[in-house]
Amino acid sequence: MENTELVHRQLRRRWFYLLPAVFVTYSLAYLDRANYGFGAAAGLAKTLNISNSRSAFLGSLFFLGYFLFQVPGAAYARRRSVTRLVFYSLIAWGLLAALTGVIREFWLLALDRLLLGVAESLIFPAMLILLTNWFSRAERSRANTILILGNPITVLWMSAATGYLIKAVGWQMAFVIEGLPSVVWAFVWLLVARDRPEQVSWLSPDSCSQLTRELALEQRAIPLTSNLGAALRKPSVLLLCLQFFCWSVGLYGFVLWLPTIIHAGMSQGIETVGLLSAVPYLLAIILMLVVSYASDRTLSRKRFVWPFLVLSGIALLGSYLTAAHSFWWAYGFLILAGGCMYAPYGPFWAIIPETLPRNVVGEVLALVNCCGALGAFVGSWVVGLLQALTGNSRAGFLLMSISLILSGGIILFLRPLNQKLRSMPGN
């Protein structure tokens, strides 16, 4: 009994030793991904003498690059090393993000944004693979949430700080200042992160053995899938790809263009835009923690995903309907929509590792995320283009609303990836 308690105490160290490094790494990735919206709101198009549609194209090029190398990157991470892959990616995207504030030629900047997407495309699937090596099913939704909290928490403080930073030093220097920390962090990451529990000194052999047994028991409950091609023949995998595409159309259009949309309805300065943009992400943080805890406690996933996506779509529709009459009503709906878009991430990314075996799960996670990147490309470009063409944000909100409601509907009617999942509690 005493030994069991000691093992549990040691295993709790994973939450304090590994997850902070995972969180900071993904936070830096998201910082260098999402600050483009603030540059656009601060006059990037005017400074570079490009049209608003070209500015939207620059923002969306990131996601095209993000789409290209995720599956090969996940295969490398699974077979070789997550930590090495992340190290090189940190250095690459930090330098490329800083160059966004230096380059003045449109097509060079377009290439830079594309390569930035390539560098960051390797991170998220690799991190999900890492967490499957360190956390069991009863912990996975919360572990995923700590990783993904790097998204809204970064946007929260970035929204509050970047506006003031742009006002103080200009949007170009803000990109440089916010890009270089990733290069420094790469060396910290290499010191603290490891691919598997047995590679660290802060876990005892008994603790590693206990965790290894739990993970092996989970794998035995999952039917074998011979290769990625066999996984792709499962209709539910393809539906998850479509679902995450629709989700990302709504989400990334919202992330990139929220500052511009708010700025269009306010007579305040760019620093006030940043503060107003931060509020939806505060709600997102709270909901993500609550939902992931409830999902792990009940070992249920689907029922903690689809209602929030449908609600976020309805809230965006409410913003669309009220935008012409009241900025503050429209903004209130945006807060609700933003919070609900993020709430189900932890349970959603727990579905695939629990229903596909280890030999294909990394590549399938990457493939689903690739489809999200493609949706983000469509969402960020089309929402920005619609705003440039119509002179208002209502058409973009309508597109995002329909996409989010559709994504929730797909999850609601999604059949389990295998019959084992059907028999698991809460599914």
# chains A, B, ... in the order shown; residues from 1 in each chain; ligands from 1
call {"tool": "select_by_dssp", "arguments": {"residues": "segment 80-287 of chain A", "states": "alpha helix (DSSP H)", "output": "short mmCIF file (atom, residue, chain, number, x, y, z; two decimals) with N, CA and C atoms, in the first residue's frame"}}
result
data_model
loop_
_atom_site.label_atom_id
_atom_site.label_comp_id
_atom_site.auth_asym_id
_atom_site.auth_seq_id
_atom_site.Cartn_x
_atom_site.Cartn_y
_atom_site.Cartn_z
N VAL A 82 10.38 12.84 -30.63
CA VAL A 82 9.57 14.06 -30.56
C VAL A 82 10.44 15.23 -30.14
N THR A 83 11.29 15.03 -29.14
CA THR A 83 12.02 16.16 -28.56
C THR A 83 12.99 16.79 -29.55
N ARG A 84 13.66 15.98 -30.36
CA ARG A 84 14.58 16.53 -31.36
C ARG A 84 13.81 17.31 -32.43
N LEU A 85 12.69 16.74 -32.87
CA LEU A 85 11.88 17.40 -33.89
C LEU A 85 11.40 18.76 -33.40
N VAL A 86 10.95 18.82 -32.16
CA VAL A 86 10.45 20.08 -31.60
C VAL A 86 11.59 21.09 -31.45
N PHE A 87 12.76 20.63 -31.06
CA PHE A 87 13.91 21.52 -30.90
C PHE A 87 14.22 22.27 -32.19
N TYR A 88 14.35 21.53 -33.29
CA TYR A 88 14.68 22.18 -34.56
C TYR A 88 13.53 23.06 -35.06
N SER A 89 12.31 22.63 -34.79
CA SER A 89 11.16 23.43 -35.22
C SER A 89 11.10 24.76 -34.47
N LEU A 90 11.40 24.75 -33.17
CA LEU A 90 11.41 25.98 -32.38
C LEU A 90 12.36 27.02 -32.96
N ILE A 91 13.56 26.58 -33.30
CA ILE A 91 14.55 27.50 -33.87
C ILE A 91 14.06 28.05 -35.20
N ALA A 92 13.54 27.16 -36.05
CA ALA A 92 13.11 27.58 -37.39
C ALA A 92 11.97 28.57 -37.32
N TRP A 93 10.91 28.26 -36.52
CA TRP A 93 9.77 29.16 -36.55
C TRP A 93 10.05 30.47 -35.81
N GLY A 94 10.94 30.44 -34.81
CA GLY A 94 11.28 31.70 -34.14
C GLY A 94 11.95 32.68 -35.09
N LEU A 95 12.89 32.17 -35.89
CA LEU A 95 13.57 33.04 -36.85
C LEU A 95 12.62 33.51 -37.95
N LEU A 96 11.78 32.60 -38.45
CA LEU A 96 10.85 32.97 -39.52
C LEU A 96 9.80 33.97 -39.02
N ALA A 97 9.34 33.81 -37.78
CA ALA A 97 8.37 34.75 -37.23
C ALA A 97 8.98 36.13 -37.09
N ALA A 98 10.24 36.20 -36.64
CA ALA A 98 10.90 37.50 -36.52
C ALA A 98 11.08 38.17 -37.88
N LEU A 99 11.35 37.36 -38.91
CA LEU A 99 11.53 37.91 -40.25
C LEU A 99 10.25 38.53 -40.81
N PHE A 106 6.52 41.76 -50.91
CA PHE A 106 5.32 40.96 -50.70
C PHE A 106 5.58 39.47 -50.90
N TRP A 107 6.22 39.07 -52.02
CA TRP A 107 6.38 37.65 -52.30
C TRP A 107 7.40 36.99 -51.38
N LEU A 108 8.39 37.73 -50.91
CA LEU A 108 9.28 37.17 -49.89
C LEU A 108 8.54 36.96 -48.58
N LEU A 109 7.67 37.92 -48.25
CA LEU A 109 6.87 37.77 -47.03
C LEU A 109 5.91 36.59 -47.17
N ALA A 110 5.36 36.41 -48.37
CA ALA A 110 4.48 35.26 -48.60
C ALA A 110 5.24 33.96 -48.39
N LEU A 111 6.47 33.87 -48.91
CA LEU A 111 7.29 32.67 -48.72
C LEU A 111 7.60 32.46 -47.24
N ASP A 112 7.91 33.54 -46.53
CA ASP A 112 8.21 33.46 -45.11
C ASP A 112 7.01 32.91 -44.33
N ARG A 113 5.82 33.40 -44.62
CA ARG A 113 4.62 32.93 -43.92
C ARG A 113 4.34 31.46 -44.25
N LEU A 114 4.60 31.06 -45.49
CA LEU A 114 4.42 29.67 -45.87
C LEU A 114 5.37 28.76 -45.10
N LEU A 115 6.65 29.15 -45.03
CA LEU A 115 7.65 28.35 -44.33
C LEU A 115 7.41 28.34 -42.82
N LEU A 116 6.89 29.44 -42.29
CA LEU A 116 6.53 29.48 -40.88
C LEU A 116 5.48 28.42 -40.58
N GLY A 117 4.50 28.29 -41.48
CA GLY A 117 3.50 27.24 -41.31
C GLY A 117 4.09 25.86 -41.36
N VAL A 118 5.06 25.65 -42.25
CA VAL A 118 5.73 24.34 -42.33
C VAL A 118 6.44 24.02 -41.01
N ALA A 119 7.18 24.99 -40.48
CA ALA A 119 7.93 24.76 -39.23
C ALA A 119 7.00 24.43 -38.07
N GLU A 120 5.87 25.14 -37.99
CA GLU A 120 4.96 24.91 -36.87
C GLU A 120 4.07 23.69 -37.09
N SER A 121 3.97 23.21 -38.33
CA SER A 121 3.10 22.06 -38.60
C SER A 121 3.58 20.81 -37.88
N ILE A 123 4.64 20.60 -34.80
CA ILE A 123 4.57 20.66 -33.34
C ILE A 123 3.37 19.93 -32.76
N PHE A 124 2.16 20.28 -33.18
CA PHE A 124 0.97 19.78 -32.50
C PHE A 124 0.83 18.27 -32.56
N PRO A 125 0.94 17.63 -33.74
CA PRO A 125 0.87 16.16 -33.75
C PRO A 125 1.97 15.52 -32.91
N ALA A 126 3.17 16.09 -32.97
CA ALA A 126 4.27 15.52 -32.17
C ALA A 126 3.96 15.60 -30.69
N MET A 127 3.39 16.72 -30.25
CA MET A 127 3.05 16.87 -28.84
C MET A 127 1.96 15.88 -28.42
N LEU A 128 0.96 15.67 -29.27
CA LEU A 128 -0.08 14.69 -28.95
C LEU A 128 0.50 13.29 -28.84
N ILE A 129 1.43 12.96 -29.73
CA ILE A 129 2.11 11.66 -29.65
C ILE A 129 2.88 11.55 -28.33
N LEU A 130 3.58 12.62 -27.97
CA LEU A 130 4.32 12.63 -26.71
C LEU A 130 3.40 12.35 -25.52
N LEU A 131 2.24 12.99 -25.50
CA LEU A 131 1.32 12.81 -24.38
C LEU A 131 0.75 11.40 -24.32
N THR A 132 0.60 10.72 -25.47
CA THR A 132 0.14 9.33 -25.43
C THR A 132 1.18 8.41 -24.80
N ASN A 133 2.45 8.82 -24.80
CA ASN A 133 3.50 8.03 -24.15
C ASN A 133 3.58 8.27 -22.65
N TRP A 134 2.90 9.32 -22.17
CA TRP A 134 3.07 9.74 -20.79
C TRP A 134 1.79 9.69 -19.95
N ARG A 137 -5.62 6.82 -20.35
CA ARG A 137 -6.93 7.28 -20.82
C ARG A 137 -7.65 8.15 -19.80
N ALA A 138 -7.54 7.80 -18.52
CA ALA A 138 -8.23 8.56 -17.49
C ALA A 138 -7.64 9.94 -17.26
N GLU A 139 -6.50 10.22 -17.88
CA GLU A 139 -5.83 11.51 -17.72
C GLU A 139 -5.74 12.30 -19.03
N ARG A 140 -6.08 11.65 -20.14
CA ARG A 140 -5.69 12.17 -21.45
C ARG A 140 -6.39 13.47 -21.83
N SER A 141 -7.66 13.60 -21.51
CA SER A 141 -8.37 14.83 -21.87
C SER A 141 -7.77 16.02 -21.15
N ARG A 142 -7.43 15.85 -19.86
CA ARG A 142 -6.82 16.96 -19.11
C ARG A 142 -5.41 17.26 -19.61
N ALA A 143 -4.62 16.22 -19.93
CA ALA A 143 -3.28 16.45 -20.46
C ALA A 143 -3.35 17.19 -21.80
N ASN A 144 -4.27 16.75 -22.67
CA ASN A 144 -4.46 17.45 -23.94
C ASN A 144 -4.84 18.91 -23.71
N THR A 145 -5.67 19.14 -22.72
CA THR A 145 -6.15 20.50 -22.45
C THR A 145 -5.01 21.40 -21.98
N ILE A 146 -4.11 20.86 -21.14
CA ILE A 146 -2.96 21.67 -20.71
C ILE A 146 -2.13 22.07 -21.92
N LEU A 147 -1.92 21.13 -22.84
CA LEU A 147 -1.21 21.46 -24.08
C LEU A 147 -1.94 22.57 -24.84
N ILE A 148 -3.22 22.38 -25.08
CA ILE A 148 -3.97 23.28 -25.95
C ILE A 148 -4.28 24.60 -25.26
N GLY A 150 -2.20 26.42 -24.21
CA GLY A 150 -1.22 27.34 -24.78
C GLY A 150 -1.81 28.23 -25.85
N ASN A 151 -2.90 27.79 -26.46
CA ASN A 151 -3.59 28.58 -27.48
C ASN A 151 -4.35 29.75 -26.85
N PRO A 152 -5.43 29.53 -26.09
CA PRO A 152 -6.19 30.69 -25.59
C PRO A 152 -5.44 31.53 -24.57
N ILE A 153 -4.60 30.91 -23.72
CA ILE A 153 -3.87 31.71 -22.75
C ILE A 153 -2.88 32.63 -23.45
N THR A 154 -2.23 32.11 -24.49
CA THR A 154 -1.31 32.96 -25.25
C THR A 154 -2.06 34.11 -25.92
N VAL A 155 -3.18 33.77 -26.56
CA VAL A 155 -3.95 34.83 -27.23
C VAL A 155 -4.49 35.82 -26.20
N LEU A 156 -4.81 35.33 -24.99
CA LEU A 156 -5.32 36.22 -23.94
C LEU A 156 -4.30 37.28 -23.57
N TRP A 157 -3.07 36.84 -23.19
CA TRP A 157 -2.08 37.85 -22.79
C TRP A 157 -1.54 38.58 -24.00
N MET A 158 -1.44 37.87 -25.14
CA MET A 158 -0.97 38.53 -26.34
C MET A 158 -1.94 39.63 -26.78
N SER A 159 -3.24 39.34 -26.65
CA SER A 159 -4.23 40.33 -27.03
C SER A 159 -4.12 41.57 -26.16
N ALA A 160 -3.83 41.35 -24.88
CA ALA A 160 -3.71 42.49 -23.97
C ALA A 160 -2.39 43.23 -24.17
N ALA A 161 -1.32 42.49 -24.49
CA ALA A 161 0.01 43.10 -24.55
C ALA A 161 0.42 43.57 -25.93
N THR A 162 0.02 42.83 -26.96
CA THR A 162 0.51 43.15 -28.30
C THR A 162 0.02 44.50 -28.78
N GLY A 163 -1.23 44.84 -28.43
CA GLY A 163 -1.72 46.16 -28.81
C GLY A 163 -0.85 47.28 -28.27
N TYR A 164 -0.45 47.19 -27.00
CA TYR A 164 0.42 48.20 -26.41
C TYR A 164 1.83 48.13 -27.02
N LEU A 165 2.30 46.89 -27.31
CA LEU A 165 3.63 46.74 -27.91
C LEU A 165 3.66 47.37 -29.30
N ILE A 166 2.61 47.14 -30.09
CA ILE A 166 2.55 47.74 -31.43
C ILE A 166 2.52 49.26 -31.34
N LYS A 167 1.76 49.77 -30.38
CA LYS A 167 1.69 51.22 -30.21
C LYS A 167 3.05 51.80 -29.83
N ALA A 168 3.83 51.03 -29.05
CA ALA A 168 5.13 51.53 -28.57
C ALA A 168 6.22 51.43 -29.62
N VAL A 169 6.27 50.30 -30.36
CA VAL A 169 7.42 50.07 -31.25
C VAL A 169 7.02 49.81 -32.70
N GLY A 170 5.71 49.75 -33.00
CA GLY A 170 5.27 49.46 -34.36
C GLY A 170 5.09 47.97 -34.59
N TRP A 171 4.28 47.64 -35.59
CA TRP A 171 3.96 46.21 -35.78
C TRP A 171 5.17 45.41 -36.25
N GLN A 172 6.08 46.03 -37.02
CA GLN A 172 7.24 45.27 -37.49
C GLN A 172 8.13 44.82 -36.34
N MET A 173 8.47 45.73 -35.45
CA MET A 173 9.33 45.37 -34.32
C MET A 173 8.62 44.43 -33.36
N ALA A 174 7.29 44.53 -33.26
CA ALA A 174 6.54 43.62 -32.40
C ALA A 174 6.70 42.17 -32.88
N PHE A 175 6.69 41.95 -34.20
CA PHE A 175 6.92 40.61 -34.72
C PHE A 175 8.30 40.09 -34.34
N VAL A 176 9.31 40.95 -34.42
CA VAL A 176 10.68 40.55 -34.08
C VAL A 176 10.77 40.18 -32.60
N ILE A 177 10.24 41.05 -31.75
CA ILE A 177 10.31 40.83 -30.30
C ILE A 177 9.58 39.55 -29.90
N GLU A 178 8.45 39.25 -30.54
CA GLU A 178 7.67 38.08 -30.16
C GLU A 178 8.16 36.79 -30.84
N GLY A 179 9.09 36.90 -31.80
CA GLY A 179 9.60 35.71 -32.47
C GLY A 179 10.84 35.12 -31.83
N PRO A 181 12.00 34.76 -28.67
CA PRO A 181 11.98 33.86 -27.50
C PRO A 181 11.88 32.38 -27.86
N SER A 182 11.30 32.04 -28.99
CA SER A 182 11.22 30.63 -29.39
C SER A 182 12.59 30.03 -29.60
N VAL A 183 13.53 30.82 -30.14
CA VAL A 183 14.88 30.33 -30.38
C VAL A 183 15.57 30.02 -29.05
N VAL A 184 15.40 30.91 -28.08
CA VAL A 184 16.00 30.69 -26.76
C VAL A 184 15.37 29.48 -26.08
N TRP A 185 14.05 29.37 -26.18
CA TRP A 185 13.35 28.27 -25.50
C TRP A 185 13.74 26.91 -26.08
N ALA A 186 14.15 26.86 -27.32
CA ALA A 186 14.52 25.58 -27.93
C ALA A 186 15.56 24.84 -27.10
N PHE A 187 16.52 25.56 -26.54
CA PHE A 187 17.59 24.92 -25.76
C PHE A 187 17.09 24.51 -24.37
N VAL A 188 16.14 25.26 -23.82
CA VAL A 188 15.52 24.85 -22.55
C VAL A 188 14.73 23.56 -22.77
N TRP A 189 13.97 23.52 -23.85
CA TRP A 189 13.19 22.33 -24.18
C TRP A 189 14.08 21.10 -24.28
N LEU A 190 15.21 21.23 -24.94
CA LEU A 190 16.11 20.10 -25.13
C LEU A 190 16.64 19.57 -23.80
N LEU A 191 16.74 20.45 -22.80
CA LEU A 191 17.23 20.03 -21.48
C LEU A 191 16.17 19.32 -20.66
N VAL A 192 14.90 19.73 -20.77
CA VAL A 192 13.89 19.24 -19.82
C VAL A 192 12.97 18.16 -20.39
N PRO A 205 11.87 3.38 -11.21
CA PRO A 205 11.54 2.23 -12.08
C PRO A 205 10.15 1.67 -11.83
N ASP A 206 9.71 1.64 -10.55
CA ASP A 206 8.36 1.15 -10.25
C ASP A 206 7.29 2.03 -10.89
N SER A 207 7.48 3.33 -10.84
CA SER A 207 6.50 4.25 -11.43
C SER A 207 6.45 4.08 -12.94
N CYS A 208 7.62 3.96 -13.58
CA CYS A 208 7.66 3.75 -15.02
C CYS A 208 6.98 2.44 -15.41
N SER A 209 7.22 1.40 -14.63
CA SER A 209 6.62 0.10 -14.92
C SER A 209 5.11 0.14 -14.79
N GLN A 210 4.62 0.83 -13.75
CA GLN A 210 3.17 0.96 -13.55
C GLN A 210 2.52 1.68 -14.73
N LEU A 211 3.13 2.77 -15.16
CA LEU A 211 2.57 3.54 -16.27
C LEU A 211 2.64 2.73 -17.57
N THR A 212 3.74 2.03 -17.78
CA THR A 212 3.89 1.21 -18.98
C THR A 212 2.83 0.12 -19.04
N ARG A 213 2.54 -0.50 -17.89
CA ARG A 213 1.51 -1.55 -17.84
C ARG A 213 0.14 -0.98 -18.18
N GLU A 214 -0.18 0.18 -17.64
CA GLU A 214 -1.49 0.80 -17.92
C GLU A 214 -1.65 1.11 -19.41
N LEU A 215 -0.61 1.67 -20.00
CA LEU A 215 -0.67 2.01 -21.42
C LEU A 215 -0.74 0.76 -22.29
N ALA A 216 -0.02 -0.29 -21.91
CA ALA A 216 -0.06 -1.54 -22.67
C ALA A 216 -1.43 -2.19 -22.58
N LEU A 217 -2.06 -2.12 -21.41
CA LEU A 217 -3.40 -2.67 -21.24
C LEU A 217 -4.40 -1.95 -22.13
N GLU A 218 -4.27 -0.64 -22.24
CA GLU A 218 -5.14 0.12 -23.13
C GLU A 218 -4.95 -0.32 -24.58
N GLN A 219 -3.70 -0.53 -24.99
CA GLN A 219 -3.43 -0.93 -26.37
C GLN A 219 -4.04 -2.30 -26.69
N ARG A 220 -4.04 -3.20 -25.72
CA ARG A 220 -4.61 -4.53 -25.96
C ARG A 220 -6.12 -4.47 -26.16
N LEU A 228 -1.58 2.86 -42.11
CA LEU A 228 -2.35 4.09 -42.27
C LEU A 228 -3.44 3.94 -43.32
N GLY A 229 -3.15 3.20 -44.41
CA GLY A 229 -4.16 2.98 -45.43
C GLY A 229 -5.39 2.30 -44.88
N ALA A 230 -5.18 1.29 -44.01
CA ALA A 230 -6.32 0.60 -43.40
C ALA A 230 -7.11 1.53 -42.50
N ALA A 231 -6.40 2.41 -41.78
CA ALA A 231 -7.09 3.38 -40.92
C ALA A 231 -7.95 4.34 -41.75
N LEU A 232 -7.44 4.72 -42.92
CA LEU A 232 -8.17 5.67 -43.76
C LEU A 232 -9.40 5.05 -44.41
N PRO A 235 -14.70 4.77 -42.22
CA PRO A 235 -15.49 5.98 -42.51
C PRO A 235 -15.42 7.02 -41.41
N SER A 236 -15.32 6.57 -40.16
CA SER A 236 -15.31 7.53 -39.06
C SER A 236 -14.05 8.39 -39.07
N VAL A 237 -12.93 7.84 -39.54
CA VAL A 237 -11.71 8.64 -39.64
C VAL A 237 -11.90 9.76 -40.64
N LEU A 238 -12.49 9.44 -41.78
CA LEU A 238 -12.73 10.45 -42.81
C LEU A 238 -13.72 11.51 -42.32
N LEU A 239 -14.72 11.08 -41.56
CA LEU A 239 -15.68 12.04 -41.02
C LEU A 239 -15.02 12.96 -40.00
N LEU A 240 -14.10 12.43 -39.20
CA LEU A 240 -13.37 13.28 -38.26
C LEU A 240 -12.53 14.32 -39.00
N CYS A 241 -11.97 13.92 -40.14
CA CYS A 241 -11.21 14.89 -40.95
C CYS A 241 -12.13 16.00 -41.43
N LEU A 242 -13.31 15.64 -41.94
CA LEU A 242 -14.27 16.65 -42.39
C LEU A 242 -14.75 17.51 -41.24
N GLN A 243 -14.98 16.87 -40.09
CA GLN A 243 -15.46 17.61 -38.92
C GLN A 243 -14.45 18.65 -38.48
N PHE A 244 -13.17 18.27 -38.43
CA PHE A 244 -12.18 19.22 -37.95
C PHE A 244 -11.91 20.32 -38.97
N PHE A 245 -12.09 20.01 -40.25
CA PHE A 245 -12.03 21.04 -41.28
C PHE A 245 -13.08 22.11 -41.00
N CYS A 246 -14.32 21.69 -40.79
CA CYS A 246 -15.40 22.66 -40.54
C CYS A 246 -15.17 23.44 -39.25
N TRP A 247 -14.72 22.77 -38.22
CA TRP A 247 -14.43 23.42 -36.95
C TRP A 247 -13.39 24.52 -37.15
N SER A 248 -12.35 24.20 -37.90
CA SER A 248 -11.25 25.14 -38.08
C SER A 248 -11.62 26.31 -38.98
N VAL A 249 -12.53 26.11 -39.93
CA VAL A 249 -13.01 27.25 -40.72
C VAL A 249 -13.55 28.32 -39.79
N GLY A 250 -14.36 27.89 -38.82
CA GLY A 250 -14.91 28.85 -37.86
C GLY A 250 -13.87 29.39 -36.90
N LEU A 251 -13.04 28.50 -36.36
CA LEU A 251 -12.12 28.90 -35.30
C LEU A 251 -11.05 29.86 -35.78
N TYR A 252 -10.36 29.53 -36.85
CA TYR A 252 -9.22 30.34 -37.24
C TYR A 252 -9.61 31.62 -37.94
N GLY A 253 -10.76 31.60 -38.61
CA GLY A 253 -11.27 32.88 -39.09
C GLY A 253 -11.55 33.80 -37.93
N PHE A 254 -12.09 33.24 -36.86
CA PHE A 254 -12.37 34.01 -35.64
C PHE A 254 -11.08 34.54 -35.02
N VAL A 255 -10.06 33.67 -34.87
CA VAL A 255 -8.80 34.05 -34.21
C VAL A 255 -8.09 35.16 -34.96
N LEU A 256 -7.97 35.00 -36.27
CA LEU A 256 -7.16 35.94 -37.03
C LEU A 256 -7.84 37.29 -37.27
N TRP A 257 -9.16 37.26 -37.34
CA TRP A 257 -9.84 38.49 -37.75
C TRP A 257 -10.64 39.15 -36.65
N LEU A 258 -10.69 38.55 -35.47
CA LEU A 258 -11.37 39.19 -34.35
C LEU A 258 -10.84 40.59 -34.06
N PRO A 259 -9.51 40.82 -33.99
CA PRO A 259 -9.03 42.18 -33.73
C PRO A 259 -9.48 43.18 -34.79
N THR A 260 -9.44 42.76 -36.06
CA THR A 260 -9.86 43.66 -37.13
C THR A 260 -11.36 43.96 -37.04
N ILE A 261 -12.14 42.93 -36.74
CA ILE A 261 -13.59 43.09 -36.64
C ILE A 261 -13.93 44.05 -35.51
N ILE A 262 -13.28 43.88 -34.34
CA ILE A 262 -13.55 44.77 -33.22
C ILE A 262 -13.10 46.19 -33.55
N HIS A 263 -11.95 46.31 -34.19
CA HIS A 263 -11.43 47.62 -34.52
C HIS A 263 -12.38 48.38 -35.44
N ALA A 264 -13.04 47.63 -36.34
CA ALA A 264 -13.98 48.26 -37.26
C ALA A 264 -15.20 48.83 -36.53
N GLY A 265 -15.53 48.30 -35.37
CA GLY A 265 -16.70 48.77 -34.64
C GLY A 265 -16.38 49.69 -33.49
N ILE A 270 -5.59 50.89 -30.91
CA ILE A 270 -5.24 49.48 -31.07
C ILE A 270 -5.07 48.79 -29.73
N GLU A 271 -4.65 49.50 -28.68
CA GLU A 271 -4.49 48.84 -27.38
C GLU A 271 -5.83 48.43 -26.79
N THR A 272 -6.89 49.22 -27.03
CA THR A 272 -8.23 48.85 -26.56
C THR A 272 -8.75 47.65 -27.33
N VAL A 273 -8.46 47.60 -28.62
CA VAL A 273 -8.83 46.44 -29.42
C VAL A 273 -8.23 45.17 -28.81
N GLY A 274 -6.98 45.24 -28.38
CA GLY A 274 -6.33 44.08 -27.78
C GLY A 274 -7.03 43.62 -26.52
N LEU A 275 -7.41 44.54 -25.67
CA LEU A 275 -8.09 44.17 -24.43
C LEU A 275 -9.45 43.53 -24.71
N LEU A 276 -10.21 44.10 -25.64
CA LEU A 276 -11.51 43.54 -25.97
C LEU A 276 -11.36 42.16 -26.62
N SER A 277 -10.32 41.97 -27.40
CA SER A 277 -10.09 40.68 -28.05
C SER A 277 -9.72 39.59 -27.05
N ALA A 278 -9.22 39.98 -25.89
CA ALA A 278 -8.76 39.00 -24.90
C ALA A 278 -9.91 38.32 -24.17
N VAL A 279 -11.05 38.97 -24.04
CA VAL A 279 -12.13 38.47 -23.18
C VAL A 279 -12.65 37.10 -23.61
N PRO A 280 -12.90 36.83 -24.91
CA PRO A 280 -13.39 35.49 -25.28
C PRO A 280 -12.44 34.37 -24.87
N TYR A 281 -11.15 34.65 -24.86
CA TYR A 281 -10.18 33.62 -24.52
C TYR A 281 -10.14 33.34 -23.02
N LEU A 282 -10.51 34.31 -22.21
CA LEU A 282 -10.63 34.06 -20.77
C LEU A 282 -11.75 33.06 -20.50
N LEU A 283 -12.89 33.24 -21.16
CA LEU A 283 -13.97 32.26 -21.02
C LEU A 283 -13.53 30.91 -21.56
N ALA A 284 -12.78 30.90 -22.65
CA ALA A 284 -12.31 29.64 -23.23
C ALA A 284 -11.46 28.85 -22.24
N ILE A 285 -10.57 29.52 -21.54
CA ILE A 285 -9.70 28.86 -20.57
C ILE A 285 -10.52 28.17 -19.49
N ILE A 286 -11.51 28.88 -18.95
CA ILE A 286 -12.35 28.32 -17.88
C ILE A 286 -13.11 27.10 -18.39
N LEU A 287 -13.74 27.23 -19.56
CA LEU A 287 -14.53 26.12 -20.09
C LEU A 287 -13.67 24.92 -20.44
#
call {"tool": "closest_atom_pairs", "arguments": {"of": "segment 29-140 of chain A", "to": "segment 372-395 of chain A", "cutoff": "9 Å", "atoms": "only C-alpha atoms", "output": "JSON lines"}}
result
{"residue": "A:Ser51", "atom": "CA", "partner": "A:Ala388", "partner_atom": "CA", "distance": 8.8}
{"residue": "A:Asn52", "atom": "CA", "partner": "A:Ala388", "partner_atom": "CA", "distance": 5.9}
{"residue": "A:Ser53", "atom": "CA", "partner": "A:Leu385", "partner_atom": "CA", "distance": 5.4}
{"residue": "A:Arg54", "atom": "CA", "partner": "A:Leu385", "partner_atom": "CA", "distance": 8.7}
{"residue": "A:Ser55", "atom": "CA", "partner": "A:Gly384", "partner_atom": "CA", "distance": 8.3}
{"residue": "A:Ala56", "atom": "CA", "partner": "A:Gly384", "partner_atom": "CA", "distance": 5.2}
{"residue": "A:Phe57", "atom": "CA", "partner": "A:Trp381", "partner_atom": "CA", "distance": 5.7}
{"residue": "A:Leu58", "atom": "CA", "partner": "A:Trp381", "partner_atom": "CA", "distance": 8.4}
{"residue": "A:Gly59", "atom": "CA", "partner": "A:Ser380", "partner_atom": "CA", "distance": 6.8}
{"residue": "A:Ser60", "atom": "CA", "partner": "A:Phe377", "partner_atom": "CA", "distance": 4.8}
{"residue": "A:Leu61", "atom": "CA", "partner": "A:Phe377", "partner_atom": "CA", "distance": 6.8}
{"residue": "A:Phe62", "atom": "CA", "partner": "A:Phe377", "partner_atom": "CA", "distance": 7.6}
{"residue": "A:Phe63", "atom": "CA", "partner": "A:Phe377", "partner_atom": "CA", "distance": 4.9}
{"residue": "A:Leu64", "atom": "CA", "partner": "A:Phe377", "partner_atom": "CA", "distance": 6.0}
{"residue": "A:Gly65", "atom": "CA", "partner": "A:Ala373", "partner_atom": "CA", "distance": 8.6}
{"residue": "A:Tyr66", "atom": "CA", "partner": "A:Ala373", "partner_atom": "CA", "distance": 6.1}
{"residue": "A:Phe67", "atom": "CA", "partner": "A:Ala373", "partner_atom": "CA", "distance": 5.3}
{"residue": "A:Ser121", "atom": "CA", "partner": "A:Ala373", "partner_atom": "CA", "distance": 8.7}
call {"tool": "write_last_selection", "arguments": {"atoms": "C-alpha atoms", "output": "mmCIF file, in the first residue's frame"}}
result
data_model
loop_
_atom_site.group_PDB
_atom_site.id
_atom_site.type_symbol
_atom_site.label_atom_id
_atom_site.label_comp_id
_atom_site.auth_asym_id
_atom_site.auth_seq_id
_atom_site.Cartn_x
_atom_site.Cartn_y
_atom_site.Cartn_z
ATOM 1 C CA SER A 51 -4.536 45.370 -50.897
ATOM 2 C CA ASN A 52 -6.686 44.000 -48.093
ATOM 3 C CA SER A 53 -7.258 40.838 -50.111
ATOM 4 C CA ARG A 54 -3.473 40.315 -50.373
ATOM 5 C CA SER A 55 -3.189 40.867 -46.635
ATOM 6 C CA ALA A 56 -5.809 38.163 -46.105
ATOM 7 C CA PHE A 57 -3.836 35.902 -48.454
ATOM 8 C CA LEU A 58 -0.665 36.426 -46.388
ATOM 9 C CA GLY A 59 -2.516 35.454 -43.227
ATOM 10 C CA SER A 60 -3.907 32.310 -44.815
ATOM 11 C CA LEU A 61 -0.593 31.185 -46.389
ATOM 12 C CA PHE A 62 0.597 30.118 -42.944
ATOM 13 C CA PHE A 63 -2.080 27.436 -42.891
ATOM 14 C CA LEU A 64 -1.217 26.183 -46.354
ATOM 15 C CA GLY A 65 2.335 25.560 -45.123
ATOM 16 C CA TYR A 66 0.904 24.100 -41.928
ATOM 17 C CA PHE A 67 -0.974 21.570 -44.054
ATOM 18 C CA SER A 121 3.104 22.058 -38.601
#
